[in-house]
Amino acid sequence: LKRIRSSGLSTKGPRHGLGLAIVTRMTTRLLLPGILLVALLGSESLAQGCCGPIRGSDSPGIAGGLAQQSAQAPEGPAKLNLEQVETILDELIESSFPELKGIRYVLYKFRSKTIRFRSNFRLPSLFFGKRVYRIGVNRSVLNDPPPPSALRAVLAHELAHTLYYHQRTRGQVIKTTKIFFNKEAQIDFELATDLEAARRGFAAGLADYRRWVQPRLPQDKSAGYGSKYYEAEDFVLIGRIAKARPELLLTWQSDPPRNADELRAHWAAALRTP
């Protein structure tokens, strides 16, 4: 509006139509997408992700293998705080997400019966200045955190979401919001993010997380949650693929296989390709 006034435009006389057209165009391009993003950032649909943190273990890297799977994920530490989460995130960025070095991010707490972690961004920073990304931690996780491997892996999943936003322009991020009005697109979005985290060496930890989180979900939400993410057993195969042919997990992100059968079919087809 300051720019309109300084350029001598007025709401009176013959220029009224021009001023109204400019204001309408600005509103359509900036305000309406902003309102849409505010609604989505406050919903449980945006980058729902998984979960939590522990110091000390080195990331296996992009070509890392799959650790031996246990029948049940071990119990996590008794308590967790945001400072520990921040430490793990910084370690993961340094070792496994070099593309995110130097980003600005903040941690926050939220409440949800099903969602343990979220990844999104501060809305004003999408339009002005340097972007500020946000990673949310469910308050329940602080009192009942997942085991170390699961915690690191699910934070890698959230950083993979952050990387997705970081590598896209403002317009591309705004277009991404249409995903959250399409259930099938939401599933593909989350599975592709799992594949990216697995490609960077976190398949075993994601399997541990799935084993840990499943019994903690409300019974009426458990089935729906499972449809958006790979099962623990799926990550066993994904981990083998990540070790042998990590580039396939990148290729498959555009149209991710939905389950173990599709994973095996994709893998078999890849083996037949010279």
# chains A, B, ... in the order shown; residues from 1 in each chain; ligands from 1
$ residues_around --residues "segment 161-173 of chain A" --least-positions-apart "4" --cutoff "9 Å" --atoms "only C-alpha atoms" --output "PDB file with all heavy atoms, in the first residue's frame"
ATOM      1  N   ALA A  47       3.207 -31.611   7.150  1.00  0.00           N
ATOM      2  CA  ALA A  47       4.452 -32.261   7.559  1.00  0.00           C
ATOM      3  C   ALA A  47       4.306 -32.962   8.887  1.00  0.00           C
ATOM      4  O   ALA A  47       4.962 -32.660   9.862  1.00  0.00           O
ATOM      5  CB  ALA A  47       5.573 -31.233   7.618  1.00  0.00           C
ATOM      6  N   GLY A  49       5.041 -36.008  10.020  1.00  0.00           N
ATOM      7  CA  GLY A  49       6.275 -36.599  10.455  1.00  0.00           C
ATOM      8  C   GLY A  49       6.151 -37.519  11.631  1.00  0.00           C
ATOM      9  O   GLY A  49       5.113 -37.997  11.944  1.00  0.00           O
ATOM     10  N   PHE A  97      22.901 -33.899   6.722  1.00  0.00           N
ATOM     11  CA  PHE A  97      22.141 -32.945   5.911  1.00  0.00           C
ATOM     12  C   PHE A  97      22.979 -31.683   5.671  1.00  0.00           C
ATOM     13  O   PHE A  97      22.601 -30.590   6.102  1.00  0.00           O
ATOM     14  CB  PHE A  97      20.813 -32.583   6.590  1.00  0.00           C
ATOM     15  CG  PHE A  97      19.807 -33.697   6.596  1.00  0.00           C
ATOM     16  CD1 PHE A  97      19.827 -34.651   7.604  1.00  0.00           C
ATOM     17  CD2 PHE A  97      18.847 -33.801   5.596  1.00  0.00           C
ATOM     18  CE1 PHE A  97      18.902 -35.693   7.620  1.00  0.00           C
ATOM     19  CE2 PHE A  97      17.921 -34.832   5.598  1.00  0.00           C
ATOM     20  CZ  PHE A  97      17.956 -35.788   6.615  1.00  0.00           C
ATOM     21  N   GLU A  99      23.250 -29.849   3.248  1.00  0.00           N
ATOM     22  CA  GLU A  99      22.524 -28.811   2.501  1.00  0.00           C
ATOM     23  C   GLU A  99      21.833 -27.821   3.449  1.00  0.00           C
ATOM     24  O   GLU A  99      21.479 -26.714   3.033  1.00  0.00           O
ATOM     25  CB  GLU A  99      21.461 -29.436   1.597  1.00  0.00           C
ATOM     26  CG  GLU A  99      21.986 -30.505   0.656  1.00  0.00           C
ATOM     27  CD  GLU A  99      21.783 -31.913   1.208  1.00  0.00           C
ATOM     28  OE1 GLU A  99      21.927 -32.101   2.434  1.00  0.00           O
ATOM     29  OE2 GLU A  99      21.474 -32.813   0.416  1.00  0.00           O
ATOM     30  N   LEU A 100      21.630 -28.211   4.698  1.00  0.00           N
ATOM     31  CA  LEU A 100      20.917 -27.363   5.654  1.00  0.00           C
ATOM     32  C   LEU A 100      21.854 -26.572   6.565  1.00  0.00           C
ATOM     33  O   LEU A 100      21.383 -25.865   7.459  1.00  0.00           O
ATOM     34  CB  LEU A 100      19.973 -28.217   6.511  1.00  0.00           C
ATOM     35  CG  LEU A 100      18.818 -28.885   5.766  1.00  0.00           C
ATOM     36  CD1 LEU A 100      17.986 -29.739   6.724  1.00  0.00           C
ATOM     37  CD2 LEU A 100      17.924 -27.843   5.088  1.00  0.00           C
ATOM     38  N   ILE A 103      21.103 -22.857   8.165  1.00  0.00           N
ATOM     39  CA  ILE A 103      19.693 -22.472   8.204  1.00  0.00           C
ATOM     40  C   ILE A 103      19.326 -21.950   9.597  1.00  0.00           C
ATOM     41  O   ILE A 103      20.017 -22.223  10.589  1.00  0.00           O
ATOM     42  CB  ILE A 103      18.749 -23.642   7.858  1.00  0.00           C
ATOM     43  CG1 ILE A 103      18.806 -24.740   8.942  1.00  0.00           C
ATOM     44  CG2 ILE A 103      19.049 -24.178   6.483  1.00  0.00           C
ATOM     45  CD1 ILE A 103      17.663 -25.720   8.884  1.00  0.00           C
ATOM     46  N   SER A 119       7.260 -30.551  11.124  1.00  0.00           N
ATOM     47  CA  SER A 119       8.263 -29.717  10.473  1.00  0.00           C
ATOM     48  C   SER A 119       7.556 -28.760   9.529  1.00  0.00           C
ATOM     49  O   SER A 119       6.802 -29.188   8.661  1.00  0.00           O
ATOM     50  CB  SER A 119       9.253 -30.596   9.703  1.00  0.00           C
ATOM     51  OG  SER A 119      10.184 -29.802   9.004  1.00  0.00           O
ATOM     52  N   ASN A 120       7.779 -27.451   9.724  1.00  0.00           N
ATOM     53  CA  ASN A 120       7.204 -26.452   8.830  1.00  0.00           C
ATOM     54  C   ASN A 120       8.073 -25.195   8.867  1.00  0.00           C
ATOM     55  O   ASN A 120       9.289 -25.315   8.965  1.00  0.00           O
ATOM     56  CB  ASN A 120       5.730 -26.180   9.175  1.00  0.00           C
ATOM     57  CG  ASN A 120       5.505 -26.046  10.672  1.00  0.00           C
ATOM     58  OD1 ASN A 120       6.140 -25.226  11.328  1.00  0.00           O
ATOM     59  ND2 ASN A 120       4.606 -26.867  11.221  1.00  0.00           N
ATOM     60  N   PHE A 121       7.494 -24.017   8.835  1.00  0.00           N
ATOM     61  CA  PHE A 121       8.286 -22.796   8.775  1.00  0.00           C
ATOM     62  C   PHE A 121       7.449 -21.641   9.303  1.00  0.00           C
ATOM     63  O   PHE A 121       6.216 -21.709   9.362  1.00  0.00           O
ATOM     64  CB  PHE A 121       8.735 -22.501   7.342  1.00  0.00           C
ATOM     65  CG  PHE A 121       7.635 -22.689   6.329  1.00  0.00           C
ATOM     66  CD1 PHE A 121       6.734 -21.682   6.057  1.00  0.00           C
ATOM     67  CD2 PHE A 121       7.483 -23.906   5.673  1.00  0.00           C
ATOM     68  CE1 PHE A 121       5.700 -21.872   5.158  1.00  0.00           C
ATOM     69  CE2 PHE A 121       6.458 -24.105   4.770  1.00  0.00           C
ATOM     70  CZ  PHE A 121       5.563 -23.087   4.506  1.00  0.00           C
ATOM     71  N   LEU A 126       8.538 -16.727   4.949  1.00  0.00           N
ATOM     72  CA  LEU A 126       8.367 -17.208   3.582  1.00  0.00           C
ATOM     73  C   LEU A 126       8.321 -16.033   2.600  1.00  0.00           C
ATOM     74  O   LEU A 126       8.688 -16.168   1.438  1.00  0.00           O
ATOM     75  CB  LEU A 126       7.078 -18.030   3.471  1.00  0.00           C
ATOM     76  CG  LEU A 126       6.786 -18.684   2.115  1.00  0.00           C
ATOM     77  CD1 LEU A 126       7.863 -19.682   1.747  1.00  0.00           C
ATOM     78  CD2 LEU A 126       5.419 -19.357   2.136  1.00  0.00           C
ATOM     79  N   PHE A 127       7.898 -14.866   3.107  1.00  0.00           N
ATOM     80  CA  PHE A 127       7.727 -13.695   2.248  1.00  0.00           C
ATOM     81  C   PHE A 127       8.783 -12.617   2.474  1.00  0.00           C
ATOM     82  O   PHE A 127       9.064 -11.828   1.584  1.00  0.00           O
ATOM     83  CB  PHE A 127       6.338 -13.087   2.478  1.00  0.00           C
ATOM     84  CG  PHE A 127       5.212 -14.022   2.149  1.00  0.00           C
ATOM     85  CD1 PHE A 127       4.625 -14.790   3.140  1.00  0.00           C
ATOM     86  CD2 PHE A 127       4.749 -14.155   0.850  1.00  0.00           C
ATOM     87  CE1 PHE A 127       3.587 -15.668   2.845  1.00  0.00           C
ATOM     88  CE2 PHE A 127       3.721 -15.031   0.547  1.00  0.00           C
ATOM     89  CZ  PHE A 127       3.144 -15.782   1.535  1.00  0.00           C
ATOM     90  N   ARG A 131      14.450 -17.340   5.584  1.00  0.00           N
ATOM     91  CA  ARG A 131      13.451 -18.275   6.101  1.00  0.00           C
ATOM     92  C   ARG A 131      13.835 -18.807   7.474  1.00  0.00           C
ATOM     93  O   ARG A 131      15.012 -19.051   7.753  1.00  0.00           O
ATOM     94  CB  ARG A 131      13.268 -19.455   5.152  1.00  0.00           C
ATOM     95  CG  ARG A 131      12.478 -19.120   3.923  1.00  0.00           C
ATOM     96  CD  ARG A 131      12.120 -20.369   3.156  1.00  0.00           C
ATOM     97  NE  ARG A 131      11.777 -20.034   1.779  1.00  0.00           N
ATOM     98  CZ  ARG A 131      11.608 -20.910   0.820  1.00  0.00           C
ATOM     99  NH1 ARG A 131      11.765 -22.200   1.078  1.00  0.00           N
ATOM    100  NH2 ARG A 131      11.294 -20.537  -0.399  1.00  0.00           N
ATOM    101  N   TYR A 133      12.763 -21.980   9.810  1.00  0.00           N
ATOM    102  CA  TYR A 133      12.047 -23.252   9.841  1.00  0.00           C
ATOM    103  C   TYR A 133      11.683 -23.610  11.278  1.00  0.00           C
ATOM    104  O   TYR A 133      12.335 -23.173  12.227  1.00  0.00           O
ATOM    105  CB  TYR A 133      12.899 -24.337   9.189  1.00  0.00           C
ATOM    106  CG  TYR A 133      13.225 -24.021   7.753  1.00  0.00           C
ATOM    107  CD1 TYR A 133      14.454 -23.477   7.399  1.00  0.00           C
ATOM    108  CD2 TYR A 133      12.280 -24.215   6.745  1.00  0.00           C
ATOM    109  CE1 TYR A 133      14.738 -23.148   6.084  1.00  0.00           C
ATOM    110  CE2 TYR A 133      12.558 -23.899   5.437  1.00  0.00           C
ATOM    111  CZ  TYR A 133      13.787 -23.358   5.107  1.00  0.00           C
ATOM    112  OH  TYR A 133      14.054 -23.017   3.799  1.00  0.00           O
ATOM    113  N   ARG A 134      10.644 -24.404  11.419  1.00  0.00           N
ATOM    114  CA  ARG A 134      10.136 -24.778  12.743  1.00  0.00           C
ATOM    115  C   ARG A 134      10.049 -26.303  12.839  1.00  0.00           C
ATOM    116  O   ARG A 134       9.580 -26.960  11.905  1.00  0.00           O
ATOM    117  CB  ARG A 134       8.741 -24.190  12.975  1.00  0.00           C
ATOM    118  CG  ARG A 134       8.664 -22.697  12.796  1.00  0.00           C
ATOM    119  CD  ARG A 134       7.229 -22.210  12.710  1.00  0.00           C
ATOM    120  NE  ARG A 134       6.565 -22.213  13.993  1.00  0.00           N
ATOM    121  CZ  ARG A 134       5.431 -22.845  14.269  1.00  0.00           C
ATOM    122  NH1 ARG A 134       4.828 -23.571  13.332  1.00  0.00           N
ATOM    123  NH2 ARG A 134       4.875 -22.771  15.463  1.00  0.00           N
ATOM    124  N   ILE A 135      10.492 -26.837  13.950  1.00  0.00           N
ATOM    125  CA  ILE A 135      10.325 -28.257  14.230  1.00  0.00           C
ATOM    126  C   ILE A 135       9.614 -28.373  15.572  1.00  0.00           C
ATOM    127  O   ILE A 135      10.103 -27.878  16.587  1.00  0.00           O
ATOM    128  CB  ILE A 135      11.671 -28.997  14.244  1.00  0.00           C
ATOM    129  CG1 ILE A 135      12.261 -28.977  12.830  1.00  0.00           C
ATOM    130  CG2 ILE A 135      11.496 -30.433  14.739  1.00  0.00           C
ATOM    131  CD1 ILE A 135      13.579 -29.693  12.689  1.00  0.00           C
ATOM    132  N   ALA A 156      15.652 -37.123  11.555  1.00  0.00           N
ATOM    133  CA  ALA A 156      16.127 -37.090  10.163  1.00  0.00           C
ATOM    134  C   ALA A 156      14.946 -36.979   9.201  1.00  0.00           C
ATOM    135  O   ALA A 156      15.021 -36.282   8.179  1.00  0.00           O
ATOM    136  CB  ALA A 156      16.951 -38.341   9.861  1.00  0.00           C
ATOM    137  N   HIS A 157      13.840 -37.671   9.514  1.00  0.00           N
ATOM    138  CA  HIS A 157      12.622 -37.550   8.714  1.00  0.00           C
ATOM    139  C   HIS A 157      12.144 -36.097   8.705  1.00  0.00           C
ATOM    140  O   HIS A 157      11.792 -35.549   7.649  1.00  0.00           O
ATOM    141  CB  HIS A 157      11.546 -38.476   9.292  1.00  0.00           C
ATOM    142  CG  HIS A 157      10.211 -38.348   8.649  1.00  0.00           C
ATOM    143  ND1 HIS A 157       9.706 -39.290   7.761  1.00  0.00           N
ATOM    144  CD2 HIS A 157       9.239 -37.406   8.769  1.00  0.00           C
ATOM    145  CE1 HIS A 157       8.499 -38.917   7.370  1.00  0.00           C
ATOM    146  NE2 HIS A 157       8.195 -37.773   7.967  1.00  0.00           N
ATOM    147  N   THR A 177       0.977 -26.642  -0.909  1.00  0.00           N
ATOM    148  CA  THR A 177      -0.163 -26.733   0.005  1.00  0.00           C
ATOM    149  C   THR A 177      -1.315 -27.558  -0.566  1.00  0.00           C
ATOM    150  O   THR A 177      -2.119 -28.099   0.197  1.00  0.00           O
ATOM    151  CB  THR A 177      -0.693 -25.322   0.362  1.00  0.00           C
ATOM    152  OG1 THR A 177      -1.091 -24.636  -0.842  1.00  0.00           O
ATOM    153  CG2 THR A 177       0.384 -24.520   1.060  1.00  0.00           C
ATOM    154  N   GLU A 190       4.661 -38.239   2.507  1.00  0.00           N
ATOM    155  CA  GLU A 190       5.286 -38.817   3.697  1.00  0.00           C
ATOM    156  C   GLU A 190       6.177 -40.009   3.343  1.00  0.00           C
ATOM    157  O   GLU A 190       7.272 -40.163   3.898  1.00  0.00           O
ATOM    158  CB  GLU A 190       4.226 -39.233   4.710  1.00  0.00           C
ATOM    159  CG  GLU A 190       3.490 -38.072   5.358  1.00  0.00           C
ATOM    160  CD  GLU A 190       4.412 -37.133   6.135  1.00  0.00           C
ATOM    161  OE1 GLU A 190       5.494 -37.581   6.565  1.00  0.00           O
ATOM    162  OE2 GLU A 190       4.063 -35.954   6.289  1.00  0.00           O
ATOM    163  N   THR A 193       9.381 -38.825   1.944  1.00  0.00           N
ATOM    164  CA  THR A 193      10.237 -38.302   3.007  1.00  0.00           C
ATOM    165  C   THR A 193      10.909 -39.439   3.765  1.00  0.00           C
ATOM    166  O   THR A 193      12.088 -39.350   4.131  1.00  0.00           O
ATOM    167  CB  THR A 193       9.412 -37.422   3.961  1.00  0.00           C
ATOM    168  OG1 THR A 193       8.748 -36.394   3.207  1.00  0.00           O
ATOM    169  CG2 THR A 193      10.300 -36.764   5.004  1.00  0.00           C
TER     170      THR A 193
END
$ residues_around --residues "Ser112 of chain A" --least-positions-apart "5" --cutoff "10 Å" --atoms "only C-alpha atoms" --output "JSON, numbers by chain"
{"A": [44, 117, 137, 138, 139, 140]}
$ closest_atom_pairs --of "segment 121-211 of chain A" --to "segment 237-244 of chain A" --cutoff "7 Å" --atoms "only C-alpha atoms" --output "Markdown table"
| residue | atom | partner | partner_atom | distance |
| --- | --- | --- | --- | --- |
| A:Ala198 | CA | A:Gly239 | CA | 6.7 |
| A:Arg199 | CA | A:Ala242 | CA | 5.4 |
| A:Ala203 | CA | A:Gly239 | CA | 5.1 |
| A:Ala204 | CA | A:Gly239 | CA | 6.7 |
$ select_by_dssp --residues "segment 149-222 of chain A" --states "alpha helix (DSSP H)" --output "JSON, numbers by chain"
{"A": [149, 150, 151, 152, 153, 154, 155, 156, 157, 158, 159, 160, 161, 162, 163, 164, 165, 166, 170, 171, 172, 173, 174, 175, 176, 183, 184, 185, 186, 187, 188, 189, 190, 191, 192, 193, 194, 195, 196, 197, 203, 204, 205, 206, 207, 208, 209, 210, 211, 212, 213, 219, 220, 221, 222]}
$ residues_around --residues "segment 229-234 of chain A" --least-positions-apart "5" --cutoff "7 Å" --atoms "only C-alpha atoms" --output "ChimeraX atom specification"
/A:190-191,207-208,210-211,259-260
$ residues_around --residues "Ala185 of chain A" --least-positions-apart "3" --cutoff "12 Å" --atoms "only C-alpha atoms" --output "ChimeraX atom specification"
/A:45-46,176-182,188-192,228,253-256,258
$ closest_residue --among "A:Pro148, A:Leu249, A:Thr114, A:Arg104" --to "Pro215 of chain A" --atoms "only C-alpha atoms"
A:Thr114
$ residues_around --residues "Leu250 of chain A" --least-positions-apart "2" --cutoff "8 Å" --atoms "only C-alpha atoms" --output "CSV table (one decimal) with N, CA, C and O atoms, in the first residue's frame"
chain,number,residue,atom,x,y,z
A,195,LEU,N,11.7,-42.3,2.4
A,195,LEU,CA,12.7,-42.8,1.5
A,195,LEU,C,14.0,-41.9,1.6
A,195,LEU,O,15.1,-42.4,1.5
A,196,GLU,N,13.8,-40.6,1.7
A,196,GLU,CA,14.9,-39.7,1.7
A,196,GLU,C,15.7,-39.9,3.0
A,196,GLU,O,17.0,-39.9,3.0
A,199,ARG,N,17.6,-43.1,2.6
A,199,ARG,CA,18.7,-43.0,1.7
A,199,ARG,C,19.9,-42.4,2.4
A,199,ARG,O,21.0,-42.8,2.1
A,246,PRO,N,21.6,-46.8,-3.2
A,246,PRO,CA,20.9,-45.7,-2.6
A,246,PRO,C,20.2,-44.7,-3.6
A,246,PRO,O,19.3,-44.1,-3.3
A,247,GLU,N,20.8,-44.7,-4.8
A,247,GLU,CA,20.2,-43.8,-5.8
A,247,GLU,C,18.8,-44.1,-6.2
A,247,GLU,O,18.0,-43.3,-6.6
A,248,LEU,N,18.4,-45.4,-6.0
A,248,LEU,CA,17.0,-45.8,-6.3
A,248,LEU,C,16.0,-45.2,-5.4
A,248,LEU,O,14.9,-44.8,-5.8
A,252,TRP,N,12.8,-43.1,-6.7
A,252,TRP,CA,11.4,-43.6,-6.4
A,252,TRP,C,10.6,-42.5,-5.6
A,252,TRP,O,9.4,-42.6,-5.5
A,253,GLN,N,11.2,-41.4,-5.2
A,253,GLN,CA,10.5,-40.4,-4.4
A,253,GLN,C,9.4,-39.7,-5.2
A,253,GLN,O,8.4,-39.2,-4.7
$ select_by_dssp --residues "segment 76-223 of chain A" --states "strand (DSSP E or B)" --output "short mmCIF file (atom, residue, chain, number, x, y, z; two decimals) with C-alpha atoms, in the first residue's frame"
data_model
loop_
_atom_site.label_atom_id
_atom_site.label_comp_id
_atom_site.auth_asym_id
_atom_site.auth_seq_id
_atom_site.Cartn_x
_atom_site.Cartn_y
_atom_site.Cartn_z
CA ARG A 104 17.69 -20.78 10.94
CA TYR A 105 15.25 -22.97 12.83
CA VAL A 106 13.30 -22.88 16.07
CA LEU A 107 11.85 -25.62 18.25
CA TYR A 108 8.40 -25.50 19.78
CA LYS A 109 6.06 -27.73 21.78
CA PHE A 110 2.55 -28.80 20.83
CA PHE A 117 6.81 -34.25 15.60
CA ARG A 118 6.15 -31.60 12.97
CA SER A 119 8.26 -29.72 10.47
CA ASN A 120 7.20 -26.45 8.83
CA PHE A 121 8.29 -22.80 8.78
CA VAL A 132 13.00 -19.59 9.61
CA TYR A 133 12.05 -23.25 9.84
CA ARG A 134 10.14 -24.78 12.74
CA ILE A 135 10.33 -28.26 14.23
CA GLY A 136 7.62 -29.10 16.73
CA VAL A 137 7.90 -31.64 19.52
CA ASN A 138 4.82 -33.17 21.11
#
$ atom_distance --atom1 "atom CA of His266 of chain A" --atom2 "atom CA of Leu92 of chain A"
29.0 Å
$ closest_residue --among "A:Gly205, A:Phe235, A:Leu263, A:Gly102" --to "Lys130 of chain A" --atoms "only C-alpha atoms"
A:Gly102
$ atom_distance --atom1 "atom CA of Val154 of chain A" --atom2 "atom CA of Asp194 of chain A"
8.9 Å
